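Participant: This one is final35.csv, CSV, C-alpha atoms.
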```
chain,number,residue,atom,x,y,z
A,1,ARG,CA,95.3,147.9,128.7
A,2,SER,CA,92.1,146.5,127.2
A,3,PRO,CA,89.6,148.8,125.5
A,4,TRP,CA,86.9,148.4,128.3
A,5,HIS,CA,89.4,149.7,130.8
A,6,TYR,CA,89.2,153.2,129.3
A,7,GLU,CA,85.4,153.1,129.4
A,8,VAL,CA,85.5,152.6,133.2
A,9,MET,CA,88.0,155.5,133.5
A,10,VAL,CA,85.6,157.7,131.6
A,11,ALA,CA,82.8,156.7,133.9
A,12,ARG,CA,85.0,157.5,136.9
A,13,ASP,CA,85.9,160.9,135.6
A,14,CYS,CA,82.3,161.7,135.0
A,15,CYS,CA,81.6,161.0,138.6
A,16,ARG,CA,84.2,163.6,139.7
A,17,ASP,CA,82.9,166.4,137.4
A,18,THR,CA,79.6,167.0,139.3
A,19,ASN,CA,79.3,168.0,143.0
A,20,THR,CA,75.6,168.8,143.5
A,21,LYS,CA,73.4,166.2,145.2
A,22,PRO,CA,71.0,165.7,142.3
A,23,HIS,CA,73.8,165.5,139.9
A,24,ARG,CA,75.7,163.0,142.2
A,25,THR,CA,72.7,160.7,142.2
A,26,MET,CA,72.3,160.8,138.5
A,27,THR,CA,76.0,160.4,138.0
A,28,LYS,CA,76.2,157.3,140.2
A,29,LEU,CA,73.4,155.8,138.1
A,30,SER,CA,75.2,156.7,134.9
A,31,CYS,CA,78.5,155.2,136.3
A,32,CYS,CA,76.8,152.0,137.1
A,33,LEU,CA,75.3,151.7,133.6
A,34,LEU,CA,78.6,152.5,132.0
A,35,ALA,CA,80.4,150.0,134.1
A,36,LEU,CA,77.8,147.3,133.3
A,37,ALA,CA,78.0,148.0,129.6
A,38,ALA,CA,81.8,147.9,129.7
A,39,ALA,CA,81.7,144.5,131.5
A,40,GLN,CA,79.2,143.1,129.1
A,41,SER,CA,81.3,144.2,126.1
A,42,CYS,CA,84.3,142.5,127.6
A,43,ASN,CA,82.4,139.3,128.3
A,44,ALA,CA,81.3,139.2,124.7
A,45,PHE,CA,84.9,138.1,123.9
A,46,VAL,CA,85.1,135.4,126.6
A,47,ALA,CA,84.4,131.8,125.7
A,48,PRO,CA,81.4,130.2,127.5
A,49,GLY,CA,82.4,128.5,130.7
A,50,ASN,CA,85.8,130.4,130.9
A,51,ALA,CA,86.7,133.3,133.1
A,52,ARG,CA,89.0,134.6,130.3
A,53,ALA,CA,89.6,133.4,126.8
A,54,ASP,CA,93.2,133.3,125.5
A,55,VAL,CA,93.1,134.4,121.9
A,56,ARG,CA,96.1,133.6,119.7
A,57,LEU,CA,97.1,136.7,117.8
A,58,ASP,CA,100.5,135.8,116.4
A,59,ALA,CA,102.5,132.8,115.1
A,60,LYS,CA,105.9,132.0,113.6
A,61,LEU,CA,106.5,131.4,109.9
A,62,GLU,CA,110.0,130.7,108.7
A,63,GLY,CA,111.4,132.0,112.0
A,64,ARG,CA,109.6,135.4,111.9
A,65,ASP,CA,106.5,136.5,113.9
A,66,ILE,CA,103.3,137.0,111.9
A,67,ASP,CA,100.0,138.4,112.9
A,68,GLY,CA,97.3,135.9,113.3
A,69,VAL,CA,97.5,132.3,112.0
A,70,LEU,CA,98.5,131.0,108.6
A,71,THR,CA,95.4,130.5,106.5
A,72,PRO,CA,95.4,128.7,103.1
A,73,THR,CA,93.7,130.4,100.2
A,74,ASN,CA,91.9,128.9,97.2
A,75,ASN,CA,92.1,125.1,97.2
A,76,PHE,CA,95.3,124.8,99.2
A,77,VAL,CA,95.7,122.7,102.3
A,78,LEU,CA,98.1,123.2,105.2
A,79,ILE,CA,99.6,119.9,106.4
A,80,LYS,CA,101.7,119.2,109.4
A,81,VAL,CA,104.2,116.7,108.0
A,82,ALA,CA,104.6,113.3,109.8
A,83,ASP,CA,107.9,112.6,111.5
A,84,ILE,CA,110.7,110.9,109.6
A,85,GLN,CA,110.7,107.2,110.1
A,86,GLU,CA,114.0,106.3,111.9
A,87,GLU,CA,113.2,102.7,112.6
A,88,THR,CA,111.8,99.8,110.5
A,89,GLU,CA,108.8,97.8,111.7
A,90,GLY,CA,111.3,95.1,112.7
A,91,GLY,CA,113.1,97.5,115.0
A,92,ILE,CA,116.2,98.2,112.9
A,93,LEU,CA,117.5,101.7,113.3
A,94,LEU,CA,117.9,103.8,110.1
A,95,THR,CA,120.6,106.3,109.7
A,96,GLY,CA,121.4,109.1,107.3
A,97,SER,CA,119.8,108.8,103.9
A,98,ALA,CA,118.3,105.5,104.8
A,99,LYS,CA,115.7,107.3,107.0
A,100,ILE,CA,112.2,107.2,105.4
A,101,LYS,CA,110.8,110.6,104.7
A,102,LYS,CA,107.0,110.2,104.8
A,103,THR,CA,104.7,112.1,102.4
A,104,GLU,CA,101.8,112.1,104.8
A,105,GLY,CA,100.6,114.2,107.7
A,106,SER,CA,97.6,115.7,109.4
A,107,VAL,CA,95.4,118.6,108.0
A,108,VAL,CA,95.8,121.8,110.0
A,109,SER,CA,93.5,124.0,108.0
A,110,VAL,CA,92.0,124.3,104.5
A,111,GLY,CA,91.2,127.0,102.1
A,112,PRO,CA,87.7,127.9,101.0
A,113,GLY,CA,88.0,125.9,97.7
A,114,LYS,CA,88.5,126.5,94.0
A,115,THR,CA,86.1,128.6,92.0
A,116,HIS,CA,85.2,127.4,88.5
A,117,GLN,CA,86.3,129.9,85.9
A,118,GLU,CA,83.2,129.9,83.9
A,119,SER,CA,80.3,129.1,86.2
A,120,GLY,CA,81.7,130.7,89.3
A,121,LEU,CA,80.7,127.8,91.5
A,122,LEU,CA,82.8,127.0,94.5
A,123,PHE,CA,84.3,123.5,94.5
A,124,PRO,CA,84.1,122.2,98.1
A,125,MET,CA,87.2,120.9,99.8
A,126,PRO,CA,87.5,117.1,100.2
A,127,VAL,CA,89.2,117.2,103.6
A,128,VAL,CA,88.7,118.9,107.0
A,129,ALA,CA,91.1,119.8,109.8
A,130,GLY,CA,92.2,116.7,111.8
A,131,GLU,CA,92.1,114.2,108.9
A,132,GLY,CA,95.2,112.4,107.8
A,133,VAL,CA,96.4,112.6,104.1
A,134,VAL,CA,99.0,111.0,101.8
A,135,TYR,CA,100.2,113.1,99.0
A,136,GLY,CA,102.7,112.8,96.1
A,137,LYS,CA,106.4,112.7,96.7
A,138,TYR,CA,107.1,115.9,94.8
A,139,ASP,CA,104.0,117.8,95.6
A,140,GLY,CA,103.6,120.7,97.9
A,141,THR,CA,105.8,123.6,99.2
A,142,GLU,CA,107.5,122.9,102.5
A,143,ILE,CA,107.6,125.6,105.2
A,144,ASP,CA,108.7,126.0,108.8
A,145,TYR,CA,105.6,127.0,110.7
A,146,GLU,CA,105.2,127.0,114.5
A,147,SER,CA,108.6,125.4,114.9
A,148,GLY,CA,107.6,122.3,112.9
A,149,LYS,CA,107.7,121.1,109.3
A,150,HIS,CA,104.6,121.8,107.3
A,151,THR,CA,103.7,121.8,103.7
A,152,LEU,CA,101.1,123.5,101.5
A,153,ILE,CA,99.5,121.3,98.9
A,154,GLN,CA,96.5,121.6,96.6
A,155,ASP,CA,93.4,119.4,97.1
A,156,THR,CA,94.2,117.6,93.8
A,157,ASP,CA,97.6,116.5,95.3
A,158,ILE,CA,95.8,114.3,97.9
A,159,LEU,CA,96.2,110.7,97.0
A,160,VAL,CA,94.5,109.1,100.1
A,161,LYS,CA,92.8,110.6,103.1
A,162,PHE,CA,92.2,108.7,106.4
A,163,THR,CA,90.9,109.1,109.9
A,164,GLY,CA,92.6,108.0,113.1
A,165,ASP,CA,96.3,107.8,113.9
A,166,GLU,CA,97.3,105.1,111.4
A,167,LEU,CA,96.6,104.6,107.7
A,168,THR,CA,94.8,101.3,107.2
A,169,LEU,CA,92.7,100.0,104.3
A,170,GLU,CA,89.5,100.4,106.5
A,171,SER,CA,90.2,104.0,107.4
A,172,ALA,CA,91.5,105.0,103.9
A,173,ASP,CA,89.4,106.8,101.3
A,174,VAL,CA,90.1,108.6,97.9
A,175,CYS,CA,88.9,111.9,96.6
A,176,SER,CA,87.3,113.2,93.4
A,177,ASP,CA,87.4,110.7,90.6
A,178,ASN,CA,90.4,108.8,92.0
A,179,VAL,CA,90.4,105.0,92.4
A,180,LEU,CA,92.5,102.9,94.8
A,181,VAL,CA,93.8,99.7,93.2
A,182,LYS,CA,95.4,96.7,94.8
A,183,VAL,CA,98.3,96.1,92.4
A,184,ASP,CA,98.5,92.7,90.8
A,185,ALA,CA,101.9,91.4,92.1
A,186,SER,CA,101.9,88.5,89.6
A,187,GLU,CA,103.1,91.0,86.9
A,188,GLU,CA,106.4,91.0,88.8
A,189,GLU,CA,106.8,87.2,88.5
A,190,THR,CA,107.5,84.8,85.7
A,191,ALA,CA,105.2,81.9,84.9
A,192,SER,CA,107.3,79.6,87.1
A,193,GLY,CA,107.0,82.0,90.0
A,194,LEU,CA,110.4,83.7,89.8
A,195,VAL,CA,110.5,87.3,90.9
A,196,ILE,CA,111.6,89.6,88.1
A,197,ALA,CA,114.5,91.9,89.2
A,198,ALA,CA,114.0,95.7,88.9
A,199,THR,CA,116.8,95.9,86.3
A,200,ALA,CA,115.1,93.3,84.1
A,201,LYS,CA,111.7,95.0,84.0
A,202,LYS,CA,112.9,97.6,81.4
A,203,GLY,CA,111.3,100.5,83.3
A,204,SER,CA,107.8,98.9,83.5
A,205,LYS,CA,105.7,98.4,86.6
A,206,PRO,CA,102.4,96.7,87.3
A,207,SER,CA,99.4,98.4,85.6
A,208,THR,CA,96.6,96.1,86.5
A,209,GLY,CA,94.8,95.3,89.8
A,210,GLN,CA,91.6,95.1,91.8
A,211,VAL,CA,89.7,98.1,92.8
A,212,VAL,CA,89.3,98.5,96.6
A,213,LYS,CA,88.1,102.1,96.9
A,214,VAL,CA,86.3,104.5,94.6
A,215,GLY,CA,86.0,108.3,94.9
A,216,PRO,CA,82.7,110.1,94.8
A,217,GLY,CA,83.5,111.5,91.3
A,218,ARG,CA,84.5,114.8,89.7
A,219,MET,CA,82.4,117.9,90.1
A,220,ALA,CA,81.0,119.4,86.8
A,221,SER,CA,80.8,123.1,86.0
A,222,ASN,CA,77.1,123.1,87.0
A,223,GLY,CA,77.9,121.7,90.5
A,224,GLU,CA,76.7,118.1,89.8
A,225,ILE,CA,78.9,115.2,90.7
A,226,MET,CA,79.9,113.0,87.7
A,227,THR,CA,80.2,109.5,89.2
A,228,VAL,CA,82.8,107.0,87.9
A,229,ASP,CA,81.9,103.9,85.9
A,230,ILE,CA,84.0,101.7,88.2
A,231,ALA,CA,83.0,99.7,91.2
A,232,VAL,CA,84.8,98.0,94.1
A,233,ASP,CA,86.0,94.5,93.2
A,234,ASP,CA,86.4,95.4,89.5
A,235,TYR,CA,89.7,94.5,87.9
A,236,VAL,CA,91.2,97.3,85.8
A,237,LYS,CA,94.0,98.0,83.4
A,238,PHE,CA,95.4,101.5,83.5
A,239,ARG,CA,98.2,103.4,81.7
A,240,ASP,CA,101.8,102.5,82.5
A,241,PHE,CA,103.2,104.9,85.1
A,242,ALA,CA,99.8,106.5,85.6
A,243,GLY,CA,99.3,105.2,89.1
A,244,ASN,CA,100.8,106.8,92.2
A,245,GLU,CA,102.1,104.2,94.6
A,246,VAL,CA,100.9,104.1,98.2
A,247,GLN,CA,101.9,101.7,100.9
A,248,ILE,CA,99.1,100.6,103.2
A,249,SER,CA,99.8,98.1,106.0
A,250,GLY,CA,102.8,96.8,104.1
A,251,GLU,CA,100.8,96.2,100.8
A,252,GLU,CA,101.3,98.1,97.6
A,253,TYR,CA,98.4,100.0,96.1
A,254,ALA,CA,98.1,102.6,93.3
A,255,VAL,CA,95.9,105.7,93.2
A,256,VAL,CA,94.7,106.1,89.6
A,257,ARG,CA,92.5,108.8,88.0
A,258,MET,CA,89.4,107.6,86.2
A,259,THR,CA,90.7,109.1,82.9
A,260,ASP,CA,93.8,106.9,83.1
A,261,ILE,CA,91.9,103.6,83.3
A,262,LEU,CA,91.9,101.9,80.0
A,263,ALA,CA,89.6,98.9,80.6
A,264,LYS,CA,87.9,96.9,83.3
A,265,PHE,CA,87.2,93.2,83.6
```
Would you kindly transcribe this structure into structure tokens?
Facilitator:
Amino acid sequence: RSPWHYEVMVARDCCRDTNTKPHRTMTKLSCCLLALAAAQSCNAFVAPGNARADVRLDAKLEGRDIDGVLTPTNNFVLIKVADIQEETEGGILLTGSAKIKKTEGSVVSVGPGKTHQESGLLFPMPVVAGEGVVYGKYDGTEIDYESGKHTLIQDTDILVKFTGDELTLESADVCSDNVLVKVDASEEETASGLVIAATAKKGSKPSTGQVVKVGPGRMASNGEIMTVDIAVDDYVKFRDFAGNEVQISGEEYAVVRMTDILAKF
């Protein structure tokens, strides 16, 4: 029974305790006022336009019931992981270990942000619920939440964020002082145009390319944004193995931190 039910019962019992006519008149008035107050207190919890609001009070985490919903703390982000890709773009079915496990998903909820240890300023979160994100292969802690695969990552683990159902170059964006670079594929070819095999690269991979997206910059301890000295269309040379690979519309890109860029040209 809801709390307001007992308020109505008290009002009813109050009506039964007095039998004189003056008292009956005053009691009826009191009953009406109590019933009206109880109804109003009940309606305070009803969403506008609805006769009754269904409020979710429990959820499931790792197979057990929990009170309320799972809420990230600090600068953590709760992500609903995208489904495993079981078919190639050409329609070929993938089986077993050949299935592609995506490191992307949609934001369910975010924490309040990280507090700077010295200044106490709160670093705002770069994403909101509903946005899509791509994160590192080994980042995050996977959990089973609401009968689905989720992961908890830090905001610094986000490589690319995007809006809409599909990751495209137009919808993609980078956070903080990250830079999205279109990798120079010519580094994987000889002067005559032959493609260099992976075994012949001696562990190296492309470390130059053209900048296509630039993040807003890193936040300083005083709350000001320190912009990056890189612009779209610049060509950059960055540290070997510093870039995190991201596939966008079948093309290879790298997400590089500003501190890992050695030179621009």
Participant: Figure out the distance between CA of Thr115 (chain A) and CA of Asp67 (chain A), please, to one decimal in Å.
Facilitator: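 If I compute the distance from CA of Asp67 (chain A) to CA of Thr115 (chain A), I get 26.9 Å.
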Participant: A:Arg257, A:Asp184, A:Lys237, A:Phe162: which is nearest Val214 (chain A), counting all atoms listed in the file?
Facilitator: A:Arg257
Participant: Let me make sure I understand: among A:Gly164, A:Gly68, A:Gly111, A:Gly120, which one has the smallest atom-to-atom distance to Ser221 (chain A) if we use all atoms listed in the file?
Facilitator: A:Gly120
Participant: Can you tell me, as a list in words, what residues are no more than 6 Å from region 75-84 of chain A when counting all atoms listed in the file, ignoring any on the same chain fewer than 2 positions away?
Facilitator: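 Neighbouring residues, sequence-local ones excluded: Pro72, Thr73, Ile100, Lys101, Glu104, Gly105, Ser106, Val107, Val108, Ser109, Val110, Gly111, Gly113, Lys114, Lys149, His150, Thr151, Leu152, Ile153, Gln154 and Asp155 of chain A.
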Participant: Would you mind reading off the distance between CA of Ala185 (chain A) and CA of Leu262 (chain A), one decimal, in Å?
Facilitator: 18.9 Å
Participant: Give me, please, the distance in Å between CA of Arg239 (chain A) and CA of Glu252 (chain A), quoted to one decimal.
Facilitator: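 One can read the CA of Arg239 (chain A) to CA of Glu252 (chain A) distance as 17.0 Å.
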Participant: Find the residues near Val246 (chain A): any atom within 10 Å, counting all atoms listed in the file, skip ones fewer than 2 places away on the same chain, and give them as a ChimeraX atom specification.
Facilitator: /A:103,134-136,159-160,180-182,243-244,248-255
Participant: Tell me which of A:Glu245, A:Glu131, A:Asp177, A:Asp165 sits closest to Thr259 (chain A), counting only C-alpha atoms.
Facilitator: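 Smallest separation from Thr259 (chain A) among the options: A:Asp177.
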Participant: Point out the residue among A:Asp139, A:Asp260, A:Asp65, A:Glu224 with the least atom-to-atom distance to Phe238 (chain A), counting only C-alpha atoms.
Facilitator: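 With only C-alpha atoms as the atom set, the closest residue is A:Asp260.
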Participant: Given all atoms listed in the file as the basis, pick out the residue of A:Gln117, A:Lys264, A:Val133, A:Pro124 nearest to Ile225 (chain A).
Facilitator: A:Pro124
Participant: May I ask which of the residues A:Asp229, A:Asp157, A:Asp173, A:Glu142 is the closest one to Met258 (chain A), counting all atoms listed in the file?
Facilitator: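 Of all the options, A:Asp229 lies closest to Met258 (chain A).
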